[in-house]
file protein35.txt (compact mmCIF, C-alpha atoms and all ligand atoms)
# COMPACT_ATOMS: atom_id res chain seq x y z
CA MET A 1 -9.68 -2.28 -23.82
CA GLU A 2 -9.66 -5.26 -21.53
CA LEU A 3 -6.37 -5.92 -19.75
CA THR A 4 -4.49 -8.67 -17.95
CA GLY A 5 -2.56 -7.57 -14.85
CA TRP A 6 0.99 -8.57 -14.00
CA VAL A 7 1.23 -10.94 -11.02
CA LYS A 8 4.18 -10.70 -8.59
CA ASN A 9 5.09 -13.69 -6.43
CA TYR A 10 6.90 -12.00 -3.54
CA ASP A 11 7.25 -14.33 -0.56
CA TRP A 12 5.09 -12.18 1.75
CA GLY A 13 2.02 -12.87 -0.41
CA ARG A 14 -0.80 -15.26 0.48
CA ASN A 15 -0.52 -18.77 -0.84
CA GLY A 16 -2.47 -20.32 -3.70
CA ILE A 17 -6.22 -19.82 -3.78
CA HIS A 18 -6.14 -17.99 -0.41
CA SER A 19 -4.64 -15.01 -2.21
CA ALA A 20 -7.06 -12.39 -3.58
CA VAL A 21 -4.45 -11.72 -6.26
CA ALA A 22 -4.57 -15.35 -7.43
CA GLN A 23 -8.38 -15.38 -7.32
CA LEU A 24 -8.61 -12.23 -9.44
CA ALA A 25 -5.92 -13.46 -11.88
CA MET A 26 -7.82 -16.74 -12.35
CA ALA A 27 -11.10 -14.90 -12.91
CA ASN A 28 -9.41 -12.53 -15.36
CA ASP A 29 -7.39 -14.96 -17.43
CA PRO A 30 -8.49 -18.51 -18.38
CA ASP A 31 -4.84 -19.35 -19.14
CA PHE A 32 -3.70 -18.52 -15.61
CA ARG A 33 -2.44 -21.70 -13.89
CA LEU A 34 -2.66 -21.70 -10.11
CA ASN A 35 0.10 -23.30 -8.06
CA GLU A 36 -1.08 -23.93 -4.48
CA GLU A 37 2.53 -23.79 -3.17
CA GLU A 38 3.22 -20.40 -4.73
CA SER A 39 2.66 -17.03 -3.00
CA TYR A 40 0.70 -14.43 -4.95
CA ALA A 41 1.51 -11.01 -3.50
CA GLU A 42 0.66 -8.27 -5.97
CA MET A 43 -1.16 -7.65 -9.21
CA TRP A 44 0.08 -4.60 -11.14
CA MET A 45 -2.15 -2.62 -13.49
CA GLY A 46 -0.48 0.12 -15.51
CA THR A 47 2.59 0.83 -17.57
CA HIS A 48 5.47 0.55 -15.06
CA ILE A 49 8.47 -1.07 -16.72
CA CYS A 50 8.67 -3.81 -14.05
CA GLY A 51 5.16 -5.14 -14.79
CA VAL A 52 3.28 -3.71 -17.77
CA SER A 53 -0.35 -4.74 -18.31
CA VAL A 54 -1.20 -6.59 -21.52
CA VAL A 55 -4.13 -5.80 -23.83
CA LYS A 56 -6.21 -9.00 -23.98
CA GLU A 57 -7.40 -8.70 -27.55
CA THR A 58 -4.02 -8.14 -29.20
CA GLY A 59 -1.39 -9.31 -26.71
CA GLU A 60 0.35 -5.93 -26.95
CA THR A 61 1.62 -4.16 -23.84
CA LEU A 62 -0.42 -1.18 -22.66
CA ASP A 63 2.49 1.30 -22.89
CA ARG A 64 2.99 0.44 -26.58
CA VAL A 65 -0.68 0.92 -27.36
CA LEU A 66 -0.92 4.22 -25.47
CA LYS A 67 2.55 5.35 -26.65
CA LYS A 68 3.07 6.87 -23.20
CA ASP A 69 3.24 5.98 -19.52
CA LEU A 70 0.35 6.46 -17.14
CA PRO A 71 1.19 8.72 -14.17
CA TYR A 72 -0.05 6.12 -11.69
CA LEU A 73 0.41 2.44 -10.89
CA PHE A 74 -2.64 0.51 -9.64
CA LYS A 75 -2.31 -2.72 -7.62
CA VAL A 76 -4.10 -5.37 -5.61
CA LEU A 77 -2.09 -6.71 -2.64
CA SER A 78 -2.68 -9.90 -0.67
CA ILE A 79 -0.49 -10.04 2.43
CA SER A 80 0.20 -12.91 4.82
CA LYS A 81 3.60 -11.85 6.11
CA ALA A 82 4.83 -8.33 6.98
CA LEU A 83 6.21 -6.15 4.21
CA SER A 84 9.40 -4.28 4.97
CA ILE A 85 9.52 -1.19 7.17
CA GLN A 86 9.89 1.46 4.52
CA VAL A 87 9.61 4.99 3.26
CA HIS A 88 9.38 6.28 -0.30
CA PRO A 89 11.58 9.18 -1.39
CA ASN A 90 10.28 12.54 -2.60
CA LYS A 91 10.86 13.48 -6.25
CA CYS A 92 14.13 15.25 -5.66
CA GLU A 93 15.63 12.41 -3.56
CA ALA A 94 14.33 9.82 -6.03
CA GLU A 95 16.15 11.53 -8.90
CA ARG A 96 19.39 11.58 -6.91
CA LEU A 97 19.09 8.00 -5.61
CA HIS A 98 18.28 6.67 -9.08
CA LYS A 99 21.29 8.47 -10.53
CA GLU A 100 23.66 7.24 -7.80
CA ARG A 101 22.34 3.67 -7.33
CA PRO A 102 20.08 2.68 -10.25
CA GLU A 103 20.38 -1.01 -9.31
CA ILE A 104 18.44 -0.35 -6.06
CA TYR A 105 16.37 2.74 -6.91
CA LYS A 106 14.99 1.75 -10.27
CA ASP A 107 13.24 4.91 -11.44
CA PRO A 108 13.56 8.66 -10.76
CA ASN A 109 10.00 9.15 -9.52
CA HIS A 110 8.43 9.75 -6.10
CA LYS A 111 5.95 7.17 -4.80
CA PRO A 112 3.18 8.57 -2.64
CA GLU A 113 0.70 5.74 -2.11
CA LEU A 114 -2.87 5.08 -1.03
CA ALA A 115 -4.04 1.72 0.34
CA ILE A 116 -7.76 0.91 0.60
CA ALA A 117 -8.61 -2.19 2.66
CA LEU A 118 -10.59 -4.97 0.98
CA THR A 119 -10.52 -7.19 4.08
CA PRO A 120 -9.61 -6.37 7.71
CA PHE A 121 -6.14 -4.90 7.18
CA VAL A 122 -3.27 -4.30 9.61
CA ALA A 123 -0.44 -1.84 9.08
CA LEU A 124 2.18 0.24 10.85
CA VAL A 125 1.83 3.91 9.87
CA GLY A 126 3.94 6.85 11.03
CA PHE A 127 5.41 7.39 14.49
CA GLN A 128 3.28 7.32 17.63
CA PRO A 129 3.12 10.49 19.74
CA VAL A 130 6.62 10.84 21.23
CA GLU A 131 5.30 10.62 24.82
CA ASP A 132 3.74 7.22 24.03
CA ILE A 133 7.04 5.96 22.62
CA ARG A 134 8.81 7.20 25.75
CA ASP A 135 6.31 5.27 27.92
CA PHE A 136 6.91 2.08 25.91
CA ILE A 137 10.66 2.45 26.30
CA ASP A 138 10.18 2.82 30.06
CA GLU A 139 7.84 -0.16 30.26
CA PHE A 140 10.07 -2.47 28.22
CA GLN A 141 13.44 -2.25 29.94
CA PRO A 142 15.34 -4.47 27.43
CA LEU A 143 14.43 -1.88 24.77
CA SER A 144 15.55 0.96 27.00
CA LYS A 145 18.86 -0.85 27.59
CA LEU A 146 19.33 -1.42 23.85
CA ILE A 147 18.77 2.26 23.00
CA GLY A 148 21.11 3.33 25.79
CA LYS A 149 20.86 5.58 28.85
CA GLU A 150 22.11 8.75 27.18
CA ALA A 151 19.50 8.77 24.39
CA VAL A 152 16.69 7.65 26.73
CA ASP A 153 17.57 10.41 29.23
CA ARG A 154 17.43 13.01 26.48
CA LEU A 155 14.06 11.67 25.35
CA HIS A 156 12.78 12.10 28.92
CA LEU A 157 14.16 15.61 29.19
CA SER A 158 12.50 16.77 25.98
CA PRO A 159 10.24 14.36 24.11
CA ASN A 160 10.37 15.86 20.60
CA SER A 161 11.33 15.07 17.00
CA ASP A 162 15.06 15.37 17.67
CA THR A 163 15.12 12.96 20.61
CA LEU A 164 12.78 10.59 18.75
CA LYS A 165 15.24 10.57 15.87
CA LEU A 166 18.14 9.98 18.26
CA CYS A 167 16.41 6.96 19.87
CA TYR A 168 15.15 5.45 16.61
CA GLU A 169 18.57 5.81 15.02
CA LYS A 170 20.18 4.10 18.06
CA LEU A 171 17.70 1.25 17.68
CA MET A 172 18.11 0.82 13.93
CA LYS A 173 21.91 0.91 14.15
CA SER A 174 22.19 -1.56 17.04
CA GLU A 175 24.24 -4.73 16.54
CA GLU A 176 22.15 -7.62 15.20
CA ALA A 177 23.06 -9.86 18.12
CA ASP A 178 21.99 -7.19 20.67
CA VAL A 179 18.67 -6.72 18.86
CA ALA A 180 18.01 -10.47 18.85
CA LYS A 181 18.86 -10.65 22.56
CA CYS A 182 16.52 -7.74 23.36
CA ILE A 183 13.64 -9.42 21.48
CA LYS A 184 14.29 -12.74 23.25
CA ASP A 185 14.28 -10.98 26.60
CA ILE A 186 10.94 -9.29 25.83
CA VAL A 187 9.43 -12.60 24.69
CA LYS A 188 10.61 -14.30 27.87
CA ASN A 189 9.88 -11.67 30.51
CA HIS A 190 7.31 -9.21 29.18
CA GLN A 191 4.35 -11.27 27.93
CA LYS A 192 2.05 -9.51 30.42
CA GLU A 193 3.05 -6.02 29.24
CA LEU A 194 2.71 -7.01 25.56
CA LYS A 195 -0.77 -8.34 26.30
CA SER A 196 -1.95 -5.30 28.26
CA ASN A 197 -0.80 -3.07 25.37
CA LYS A 198 -2.61 -5.30 22.81
CA LEU A 199 0.71 -6.06 21.14
CA LEU A 200 1.17 -9.72 22.06
CA GLU A 201 -0.35 -11.28 18.95
CA VAL A 202 1.25 -8.92 16.44
CA PHE A 203 4.64 -9.05 18.21
CA ASN A 204 4.68 -12.85 18.10
CA LYS A 205 3.56 -12.96 14.48
CA VAL A 206 6.10 -10.45 13.20
CA ASN A 207 8.82 -12.12 15.28
CA SER A 208 7.96 -15.56 13.90
CA ASP A 209 8.00 -14.22 10.31
CA PHE A 210 11.28 -12.32 10.85
CA PRO A 211 12.94 -13.77 13.98
CA GLY A 212 15.20 -11.30 15.73
CA ASP A 213 14.72 -8.59 13.09
CA VAL A 214 15.06 -4.97 14.30
CA GLY A 215 11.71 -4.26 12.60
CA VAL A 216 9.97 -6.23 15.38
CA LEU A 217 10.97 -3.50 17.84
CA SER A 218 9.50 -0.85 15.53
CA LEU A 219 6.14 -1.95 16.98
CA PHE A 220 7.02 0.22 20.00
CA PHE A 221 7.63 3.29 17.81
CA LEU A 222 5.02 3.16 15.05
CA ASN A 223 1.21 3.39 15.06
CA LEU A 224 -0.51 0.03 14.70
CA VAL A 225 -3.71 0.58 12.67
CA HIS A 226 -6.54 -1.88 11.98
CA LEU A 227 -8.55 -0.92 8.89
CA GLN A 228 -11.99 -2.25 8.00
CA PRO A 229 -12.93 -2.80 4.32
CA GLY A 230 -13.25 0.57 2.57
CA GLN A 231 -11.04 2.39 5.09
CA ALA A 232 -7.81 3.83 3.69
CA ILE A 233 -4.40 5.18 4.58
CA TYR A 234 -2.30 7.60 2.56
CA LEU A 235 1.50 7.60 2.75
CA GLY A 236 3.17 10.77 1.54
CA ALA A 237 6.89 11.04 0.83
CA ASN A 238 9.10 9.85 3.68
CA GLU A 239 6.28 8.69 5.94
CA ILE A 240 7.42 5.46 7.58
CA HIS A 241 5.12 2.43 7.21
CA ALA A 242 4.82 -1.34 6.88
CA TYR A 243 1.79 -3.37 5.83
CA LEU A 244 1.38 -6.43 8.04
CA ASP A 245 -1.71 -8.40 7.02
CA GLY A 246 -4.78 -8.38 4.77
CA ASP A 247 -5.89 -7.56 1.22
CA CYS A 248 -6.04 -4.06 -0.28
CA VAL A 249 -6.17 -2.12 -3.49
CA GLU A 250 -3.27 0.26 -3.72
CA CYS A 251 -2.59 3.20 -5.99
CA MET A 252 0.62 5.18 -6.24
CA ALA A 253 2.66 7.40 -8.51
CA CYS A 254 4.24 5.24 -11.23
CA SER A 255 7.34 4.16 -9.30
CA ASP A 256 8.88 1.25 -7.44
CA ASN A 257 11.28 3.21 -5.22
CA VAL A 258 11.43 1.79 -1.70
CA ILE A 259 13.92 2.66 1.06
CA ARG A 260 13.85 -0.38 3.37
CA ALA A 261 15.03 -0.75 6.95
CA GLY A 262 13.65 -3.92 8.48
CA LEU A 263 11.35 -6.96 8.15
CA THR A 264 12.90 -7.90 4.85
CA PRO A 265 15.52 -10.18 3.38
CA LYS A 266 16.10 -7.45 0.76
CA TYR A 267 18.75 -4.72 0.89
CA LYS A 268 18.37 -2.46 3.96
CA ASP A 269 19.39 1.16 3.54
CA VAL A 270 19.26 2.30 7.19
CA GLU A 271 21.41 5.43 6.59
CA GLN A 272 19.11 6.63 3.83
CA LEU A 273 15.98 5.81 5.83
CA ILE A 274 17.17 7.75 8.86
CA SER A 275 18.10 10.76 6.74
CA SER A 276 14.81 10.68 4.77
CA VAL A 277 12.11 9.74 7.26
CA ILE A 278 9.88 12.37 8.87
CA PHE A 279 10.29 12.12 12.67
CA GLU A 280 6.91 13.42 13.73
CA GLY A 281 4.64 11.69 16.20
CA ALA A 282 0.86 11.63 15.73
CA ASP A 283 -2.18 9.66 16.94
CA ALA A 284 -3.17 6.56 14.98
CA GLY A 285 -6.65 8.03 14.48
CA ARG A 286 -5.16 10.83 12.37
CA LYS A 287 -3.76 8.30 9.90
CA LEU A 288 -7.15 7.34 8.41
CA PHE A 289 -7.64 8.85 4.95
CA LEU A 290 -11.28 9.71 4.27
CA PRO A 291 -12.94 9.66 0.84
CA TYR A 292 -15.43 12.22 -0.54
CA HIS A 293 -18.93 10.92 -1.10
CA ILE A 294 -20.16 11.89 -4.55
CA ASP A 295 -23.55 10.16 -4.20
CA ASP A 296 -25.03 6.90 -2.85
CA HIS A 297 -22.90 4.80 -5.22
CA VAL A 298 -19.59 6.57 -5.63
CA GLN A 299 -16.87 7.87 -3.37
CA VAL A 300 -13.49 9.28 -4.34
CA TYR A 301 -10.13 9.11 -2.54
CA VAL A 302 -8.30 12.33 -3.45
CA PRO A 303 -4.68 12.41 -2.24
CA PRO A 304 -2.71 15.68 -2.08
CA VAL A 305 -0.70 14.87 -5.24
CA ASP A 306 -1.55 15.18 -8.95
CA ASP A 307 -0.45 11.68 -9.99
CA PHE A 308 -3.55 9.70 -9.02
CA ALA A 309 -6.99 9.45 -7.41
CA VAL A 310 -9.16 6.36 -6.83
CA ILE A 311 -12.91 6.17 -7.47
CA HIS A 312 -14.91 3.51 -5.59
CA VAL A 313 -18.05 2.46 -7.45
CA ALA A 314 -20.57 0.36 -5.49
CA ILE A 315 -23.93 -0.16 -7.21
CA LYS A 316 -26.73 -2.20 -5.59
CA HIS A 317 -28.24 -4.88 -7.83
CA THR A 318 -31.62 -3.18 -7.59
CA VAL A 319 -30.28 0.00 -9.25
CA ASP A 320 -30.86 0.49 -12.98
CA THR A 321 -28.20 1.98 -15.26
CA TYR A 322 -25.76 4.21 -13.38
CA LYS A 323 -23.96 7.03 -15.21
CA LEU A 324 -20.55 8.09 -13.92
CA GLN A 325 -19.10 11.46 -14.92
CA ILE A 326 -15.41 11.29 -15.77
CA GLN A 327 -12.76 13.62 -17.16
CA PRO A 328 -10.66 13.00 -20.30
CA TYR A 329 -7.72 11.13 -18.76
CA GLY A 330 -6.95 7.45 -19.22
CA SER A 331 -8.22 5.37 -16.27
CA ILE A 332 -7.99 1.74 -15.19
CA LEU A 333 -10.97 -0.10 -13.69
CA ILE A 334 -10.92 -3.39 -11.79
CA THR A 335 -14.11 -5.24 -10.81
CA LEU A 336 -14.16 -7.03 -7.47
CA GLU A 337 -17.71 -8.33 -7.27
CA GLY A 338 -20.98 -8.51 -9.15
CA SER A 339 -21.57 -7.90 -12.83
CA ARG A 340 -22.53 -4.89 -14.98
CA THR A 341 -22.36 -3.98 -18.66
CA LEU A 342 -19.95 -1.09 -19.12
CA ARG A 343 -20.94 1.23 -21.97
CA LEU A 344 -18.35 3.71 -23.14
CA ASN A 345 -17.12 5.68 -26.13
CA THR A 346 -13.82 4.67 -27.69
CA SER A 347 -11.89 5.98 -30.70
CA ALA A 348 -13.51 3.11 -32.66
CA GLY A 349 -17.04 4.14 -31.58
CA PRO A 350 -19.38 3.08 -28.76
CA LYS A 351 -18.50 -0.17 -27.02
CA GLU A 352 -20.03 -2.54 -24.46
CA ILE A 353 -17.91 -4.64 -22.11
CA VAL A 354 -19.38 -7.13 -19.65
CA LEU A 355 -17.67 -6.64 -16.28
CA THR A 356 -17.37 -9.53 -13.83
CA ARG A 357 -15.04 -10.23 -10.89
CA GLY A 358 -11.45 -9.92 -12.14
CA SER A 359 -12.28 -7.75 -15.19
CA ILE A 360 -9.66 -5.06 -15.77
CA VAL A 361 -10.49 -2.36 -18.31
CA TYR A 362 -8.56 0.62 -19.64
CA ILE A 363 -11.00 3.53 -20.01
CA PRO A 364 -9.66 5.78 -22.77
CA VAL A 365 -9.64 9.58 -22.96
CA GLU A 366 -12.48 9.42 -25.53
CA ALA A 367 -14.83 7.89 -22.97
CA ALA A 368 -15.29 11.27 -21.20
CA PRO A 369 -17.54 12.87 -20.10
CA GLU A 370 -19.60 9.84 -19.07
CA ILE A 371 -19.52 6.06 -18.81
CA GLU A 372 -22.51 3.85 -18.02
CA PHE A 373 -22.90 0.80 -15.81
CA ALA A 374 -25.99 -1.03 -17.11
CA PRO A 375 -27.49 -4.01 -15.24
CA ALA A 376 -26.11 -7.33 -16.43
CA GLU A 377 -28.52 -10.16 -17.15
CA ASP A 378 -29.51 -12.40 -14.23
CA CYS A 379 -27.21 -10.73 -11.75
CA GLY A 380 -28.56 -10.58 -8.23
CA GLU A 381 -25.28 -9.41 -6.75
CA ASN A 382 -24.19 -5.91 -5.81
CA PHE A 383 -21.42 -4.53 -8.01
CA THR A 384 -18.06 -3.18 -6.80
CA SER A 385 -15.27 -1.67 -8.86
CA TYR A 386 -12.30 0.57 -8.19
CA ILE A 387 -11.04 3.04 -10.82
CA ALA A 388 -7.58 4.59 -10.78
CA THR A 389 -7.22 7.85 -12.66
CA TYR A 390 -5.21 11.05 -12.90
CA ASN A 391 -6.09 13.30 -9.95
CA TYR A 392 -8.31 15.81 -11.78
CA PHE A 393 -10.41 16.11 -8.60
CA ARG A 394 -7.69 18.24 -7.05
CA LYS A 395 -8.36 21.04 -9.50
CA ALA A 396 -12.14 20.81 -9.14
ZN ZN A 401 5.06 1.63 0.71
call {"tool": "encode", "arguments": {"input": "protein35.txt", "output": "structure tokens"}}
result
Amino acid sequence: MELTGWVKNYDWGRNGIHSAVAQLAMANDPDFRLNEEESYAEMWMGTHICGVSVVKETGETLDRVLKKDLPYLFKVLSISKALSIQVHPNKCEAERLHKERPEIYKDPNHKPELAIALTPFVALVGFQPVEDIRDFIDEFQPLSKLIGKEAVDRLHLSPNSDTLKLCYEKLMKSEEADVAKCIKDIVKNHQKELKSNKLLEVFNKVNSDFPGDVGVLSLFFLNLVHLQPGQAIYLGANEIHAYLDGDCVECMACSDNVIRAGLTPKYKDVEQLISSVIFEGADAGRKLFLPYHIDDHVQVYVPPVDDFAVIHVAIKHTVDTYKLQIQPYGSILITLEGSRTLRLNTSAGPKEIVLTRGSIVYIPVEAAPEIEFAPAEDCGENFTSYIATYNYFRKA
């Protein structure tokens, strides 16, 4: 079944044709009308109630056709402005939050997520080692002043999770005016220090997108990571993060639960963030999430949860038909470049679908154990697709 994704126009998305989301939507759907002024942030592929995919042939929604929800939600993101500083609750918290405040926490599910860079991609992921945070606080005196002598002294005495929590909580609960003053002071008097710590550019960008926002100062607490295309990060429950720039494919458990605490005009739930987030420092290098190589053409990102895994298929144009082994779970494929003829079994018999950039296909249970990618006519381009599926690799 060929699908059309659901496009979300959040204001942090890239504008018009500069957005990978808009480019893919245009390639997918001849009826898609591009507005150059509009931001195109996310494309959703799956059955989540806030953006269900539509079956192209019939116009029906995917959840109605399948008569069930998929355990995962698959997305493409195109980011020009920072997303909020956030964590996602675990299952137990999500159930409670949804029950207590359904208007903010819209479903009762957890939302572990995996982001795979399509372009150079910048994000904040987890806390830095506590000693590094301590050194930043010492180097940037306005920040030290904002957090307060008592908390900073305790951090010096024993740099650990408890004192990190104390300092971060002080920061996040500071008065808005004091935060804005601290940022102004750093901009005015600490350009040299920002530069020597390779933070100048990102600090100025985040501060120009969200002037005076407390999230700007999170740059001194969180790991700044630069991903190259194909590199990935995995965010488990309650791991603090914010995506800052670039395009990625993202897969997550089927949920939209976000606890936000900065870099956003949306509702900030600082109390909940502080009580949920894991206060554990670690090196940025440990945040990279590595895939398994199946062969020369396929690698698989296998997160430590059952809800989803992502298969990366990259077939050179010189390669003849490639056969991919799959298990009997419904999967969603999106093509990013090149062209191939997909051959697969469906409940209505064998089927061929020509895949080109922007093609989104639901691969049904009946397609197992094997689908084929045959060469498309006159295509001199290498072929790249990503497939989201249930995480059957975990059991293998
Ligand atoms: Zn997130």
call {"tool": "residues_around", "arguments": {"input": "protein35.txt", "residues": "stretch 215-224 of chain A", "least_positions_apart": "6", "cutoff": "10 Å", "atoms": "all atoms listed in the file", "output": "MDAnalysis selection string"}}
result
chainID A and resid 82 84:85 122:130 132:137 140 143 164 167:168 171:172 179:180 182:183 186 198:199 202:209 240:244 261:264 281:285 287
call {"tool": "residues_near_ligand", "arguments": {"input": "protein35.txt", "ligand": "ligand ZN 401 (chain A)", "cutoff": "10 Å", "atoms": "all atoms listed in the file", "output": "NGL selection string"}}
result
:A and (83-88 or 111-115 or 125 or 234-243 or 250 or 252 or 256-260)
call {"tool": "atom_distance", "arguments": {"input": "protein35.txt", "atom1": "atom CA of A:Phe121", "atom2": "atom CA of A:Ser80"}}
result
10.5 Å
call {"tool": "closest_residue", "arguments": {"input": "protein35.txt", "among": "A:Ala314, A:Glu370, A:Leu288, A:Ile294", "to": "A:Pro328", "atoms": "only C-alpha atoms"}}
result
A:Glu370
call {"tool": "residues_around", "arguments": {"input": "protein35.txt", "residues": "stretch 30-32 of chain A", "least_positions_apart": "3", "cutoff": "12 Å", "atoms": "only C-alpha atoms", "output": "JSON, numbers by chain"}}
result
{"A": [4, 5, 6, 7, 21, 22, 23, 24, 25, 26, 27, 35, 56, 358, 359]}
call {"tool": "closest_residue", "arguments": {"input": "protein35.txt", "among": "A:Gln325, A:Thr318, A:Ser275, A:Thr119", "to": "A:Ala374", "atoms": "all atoms listed in the file"}}
result
A:Thr318
call {"tool": "residues_around", "arguments": {"input": "protein35.txt", "residues": "A:Ser39", "least_positions_apart": "5", "cutoff": "10 Å", "atoms": "all atoms listed in the file", "output": "VMD selection string"}}
result
chain A and resid 8 to 19 21 to 22 78 to 80
call {"tool": "atom_distance", "arguments": {"input": "protein35.txt", "atom1": "atom CA of A:Asp295", "atom2": "atom CA of A:Ala232"}}
result
18.7 Å
call {"tool": "atom_distance", "arguments": {"input": "protein35.txt", "atom1": "atom CA of A:Glu100", "atom2": "atom CA of A:Asp269"}}
result
13.6 Å
call {"tool": "closest_residue", "arguments": {"input": "protein35.txt", "among": "A:Val277, A:Ala41, A:Leu342, A:Lys188", "to": "A:Asn90", "atoms": "all atoms listed in the file"}}
result
A:Val277
call {"tool": "closest_residue", "arguments": {"input": "protein35.txt", "among": "A:Met1, A:Ala151, A:Ile332, A:Met43", "to": "A:Thr346", "atoms": "only C-alpha atoms"}}
result
A:Met1
call {"tool": "closest_residue", "arguments": {"input": "protein35.txt", "among": "A:Glu139, A:Leu97, A:Glu377, A:Val76", "to": "A:Asn197", "atoms": "all atoms listed in the file"}}
result
A:Glu139
call {"tool": "closest_residue", "arguments": {"input": "protein35.txt", "among": "A:Thr47, A:Gln228, A:Thr341, A:Asn109", "to": "A:Ser255", "atoms": "all atoms listed in the file"}}
result
A:Asn109
call {"tool": "decode", "arguments": {"input": "protein35.txt", "residues": "stretch 83-94 of chain A", "atoms": "N, CA, C and O atoms", "output": "short mmCIF file (atom, residue, chain, number, x, y, z; two decimals), in the first residue's frame"}}
result
data_model
loop_
_atom_site.label_atom_id
_atom_site.label_comp_id
_atom_site.auth_asym_id
_atom_site.auth_seq_id
_atom_site.Cartn_x
_atom_site.Cartn_y
_atom_site.Cartn_z
N LEU A 83 14.44 22.94 18.79
CA LEU A 83 13.24 22.38 19.41
C LEU A 83 13.39 22.52 20.92
O LEU A 83 14.50 22.68 21.42
N SER A 84 12.30 22.39 21.64
CA SER A 84 12.37 22.60 23.09
C SER A 84 13.33 21.63 23.78
O SER A 84 13.51 20.50 23.33
N ILE A 85 13.88 22.10 24.90
CA ILE A 85 14.61 21.21 25.83
C ILE A 85 13.55 20.29 26.41
O ILE A 85 12.54 20.76 26.94
N GLN A 86 13.77 18.99 26.31
CA GLN A 86 12.68 18.09 26.68
C GLN A 86 13.16 16.75 27.21
O GLN A 86 14.31 16.37 27.01
N VAL A 87 12.25 16.06 27.87
CA VAL A 87 12.39 14.63 28.12
C VAL A 87 11.04 13.99 27.79
O VAL A 87 10.03 14.68 27.68
N HIS A 88 11.08 12.65 27.63
CA HIS A 88 9.84 11.91 27.41
C HIS A 88 9.66 10.96 28.57
O HIS A 88 10.61 10.31 29.00
N PRO A 89 8.43 10.88 29.09
CA PRO A 89 8.20 10.08 30.29
C PRO A 89 8.34 8.58 30.02
O PRO A 89 8.21 8.14 28.87
N ASN A 90 8.58 7.79 31.07
CA ASN A 90 8.50 6.34 30.91
C ASN A 90 7.02 5.94 30.92
O ASN A 90 6.15 6.79 31.11
N LYS A 91 6.75 4.65 30.72
CA LYS A 91 5.36 4.20 30.54
C LYS A 91 4.49 4.53 31.75
O LYS A 91 3.37 5.02 31.61
N CYS A 92 5.05 4.28 32.90
CA CYS A 92 4.30 4.45 34.14
C CYS A 92 3.95 5.94 34.34
O CYS A 92 2.79 6.29 34.61
N GLU A 93 4.94 6.81 34.17
CA GLU A 93 4.70 8.26 34.30
C GLU A 93 3.71 8.74 33.24
O GLU A 93 2.86 9.58 33.50
N ALA A 94 3.87 8.22 32.01
CA ALA A 94 2.99 8.64 30.92
C ALA A 94 1.53 8.33 31.23
O ALA A 94 0.64 9.14 30.99
#
